[in-house]
Amino acid sequence: MRKAIENAKNAAEKSGVADKTEFLVGDVTRLEKLKLPEFDFAFDIGCFHLLNEADQEAYITGVSHVLKRNAVFLLYAFTPRKQGRKEVGFFPTELKERFSRFFTLQRYEERTYWRFPANWYWFVRK
C-alpha cells in the first residue's frame with residue numbers, strides 16, 4: 001500500500017498537480033470511517049471487481065455517501081472471466097442493476113488493457 005501511495009505522489013508531482021491532490025489509505029468497504037467530505041468525482045480502476053459480494057455492496061453504499069448529487073463515478077471493471085479458481089467481472093446490465101439504488105449508468109465503453117477484457121463505466125450519483 002505504501003508503495004502505491006508513493007508512486008501516486010510521484011506521479012502527481014511529475015504532472016504538476018501535487019498541490020491539488022491528497023492521498024488517503026483506508027478500507028473501501030468502510031469509507032464512512034475516513035470522515036471524508038463529499039466529492040464531485042471518484043475513480044476506481046481494479047478494486048470493485050475483486051471484492052466479494054458483501055464487500056461490493058458496502059463499497060457501493062460507501063462511495064454513494066462520499067459523492068455529491070450529480071457527481072461522476074468512473075469505474076473500470078472486468079467483464080466476466082475466470083481468475084484462478086473464481087469468477088470475476090460483470091456484464092454492463094449487472095453493474096447497472098447493482099449500482100441503481102444510488103447511481104444512474106450514463107454509458108460504458110469496452111476497453112481491453114493488457115489481456116483482460118474490461119469496460120469503463122460512467123455513473124452519475126442520483
# chains A, B, ... in the order shown; residues from 1 in each chain; ligands from 1
>>> residues_around(residues="Ile45 of chain A", least_positions_apart="6", cutoff="12 Å", atoms="only C-alpha atoms", output="JSON, numbers by chain")
{"A": [73, 74, 75, 76, 77, 78, 113, 118, 119, 120, 121]}
>>> residues_around(residues="segment 85-99 of chain A", least_positions_apart="3", cutoff="8 Å", atoms="only C-alpha atoms", output="ChimeraX atom specification")
/A:49-50,60,77-82,102-105,108,118
>>> write_last_selection(atoms="N, CA and C atoms", output="tab-separated table (two decimals), in the first residue's frame")
chain	number	residue	atom	x	y	z
A	49	HIS	N	-14.21	-4.96	-8.77
A	49	HIS	CA	-14.46	-6.29	-9.34
A	49	HIS	C	-13.74	-7.42	-8.62
A	50	LEU	N	-12.83	-7.10	-7.70
A	50	LEU	CA	-12.13	-8.15	-6.96
A	50	LEU	C	-12.65	-8.35	-5.54
A	60	ILE	N	-20.41	0.06	-2.66
A	60	ILE	CA	-21.36	0.90	-3.40
A	60	ILE	C	-22.01	1.92	-2.48
A	77	ALA	N	-13.98	-2.03	-14.77
A	77	ALA	CA	-14.25	-3.37	-14.23
A	77	ALA	C	-14.14	-4.42	-15.31
A	78	PHE	N	-13.61	-5.55	-14.92
A	78	PHE	CA	-13.50	-6.69	-15.84
A	78	PHE	C	-14.88	-7.13	-16.30
A	79	THR	N	-14.92	-7.65	-17.52
A	79	THR	CA	-16.09	-8.40	-17.94
A	79	THR	C	-15.88	-9.83	-17.42
A	80	PRO	N	-16.94	-10.65	-17.33
A	80	PRO	CA	-16.81	-11.96	-16.68
A	80	PRO	C	-15.70	-12.83	-17.27
A	81	ARG	N	-14.91	-13.40	-16.33
A	81	ARG	CA	-13.84	-14.31	-16.71
A	81	ARG	C	-13.35	-15.05	-15.47
A	82	LYS	N	-12.61	-16.09	-15.69
A	82	LYS	CA	-12.01	-16.85	-14.60
A	82	LYS	C	-10.72	-16.17	-14.17
A	102	PHE	N	-28.22	4.03	-6.03
A	102	PHE	CA	-27.59	5.33	-5.81
A	102	PHE	C	-27.11	6.02	-7.08
A	103	PHE	N	-26.99	5.27	-8.18
A	103	PHE	CA	-26.35	5.80	-9.39
A	103	PHE	C	-27.17	5.50	-10.64
A	104	THR	N	-26.98	6.34	-11.63
A	104	THR	CA	-27.51	6.10	-12.96
A	104	THR	C	-26.33	5.82	-13.88
A	105	LEU	N	-26.40	4.74	-14.63
A	105	LEU	CA	-25.34	4.43	-15.59
A	105	LEU	C	-25.57	5.28	-16.83
A	108	TYR	N	-21.14	3.19	-21.07
A	108	TYR	CA	-19.97	2.34	-20.84
A	108	TYR	C	-19.27	2.11	-22.17
A	118	ALA	N	-12.42	-5.75	-20.38
A	118	ALA	CA	-12.99	-4.91	-19.33
A	118	ALA	C	-13.77	-3.77	-19.97
>>> select_by_dssp(residues="chain A", states="alpha helix (DSSP H)", output="NGL selection string")
:A and (2-15 or 53-66 or 92-99)
>>> write_last_selection(atoms="C-alpha atoms", output="compact mmCIF listing (two decimals), in the first residue's frame")
# COMPACT_ATOMS: atom_id res chain seq x y z
CA ARG A 2 2.76 2.44 0.87
CA LYS A 3 4.44 1.80 -2.46
CA ALA A 4 1.22 2.57 -4.35
CA ILE A 5 0.77 5.86 -2.46
CA GLU A 6 4.42 6.74 -3.02
CA ASN A 7 4.03 6.05 -6.75
CA ALA A 8 0.85 8.13 -6.90
CA LYS A 9 2.51 11.06 -5.12
CA ASN A 10 5.47 10.89 -7.51
CA ALA A 11 3.12 10.84 -10.50
CA ALA A 12 1.20 13.85 -9.12
CA GLU A 13 4.47 15.71 -8.61
CA LYS A 14 5.65 14.96 -12.16
CA SER A 15 2.27 16.05 -13.53
CA GLU A 53 -20.36 -9.71 -2.97
CA ALA A 54 -20.96 -8.41 0.58
CA ASP A 55 -17.98 -6.08 0.33
CA GLN A 56 -19.19 -4.87 -3.08
CA GLU A 57 -22.49 -3.80 -1.54
CA ALA A 58 -20.70 -1.97 1.29
CA TYR A 59 -18.43 -0.34 -1.30
CA ILE A 60 -21.36 0.90 -3.40
CA THR A 61 -23.07 2.37 -0.36
CA GLY A 62 -19.84 3.95 0.87
CA VAL A 63 -18.99 5.52 -2.49
CA SER A 64 -22.51 6.89 -2.73
CA HIS A 65 -22.11 8.62 0.64
CA VAL A 66 -18.90 10.41 -0.33
CA PRO A 92 -22.96 -3.99 -18.06
CA THR A 93 -26.55 -4.94 -17.18
CA GLU A 94 -25.34 -6.42 -13.88
CA LEU A 95 -23.47 -3.29 -12.88
CA LYS A 96 -26.34 -1.05 -13.92
CA GLU A 97 -28.59 -3.03 -11.57
CA ARG A 98 -26.06 -3.32 -8.72
CA PHE A 99 -25.43 0.45 -8.63
>>> select_by_dssp(residues="segment 22-104 of chain A", states="strand (DSSP E)", output="PyMOL selection string")
chain A and resi 39-45+67-78+81-83+86-88+103-104
>>> atom_distance(atom1="atom CA of Asp27 of chain A", atom2="atom CA of Phe116 of chain A")
25.3 Å
>>> closest_residue(among="A:Lys68, A:Arg101, A:Lys126, A:Arg115", to="Ala42 of chain A", atoms="only C-alpha atoms")
A:Lys68
>>> atom_distance(atom1="atom CA of Val124 of chain A", atom2="atom CA of Glu110 of chain A")
18.5 Å
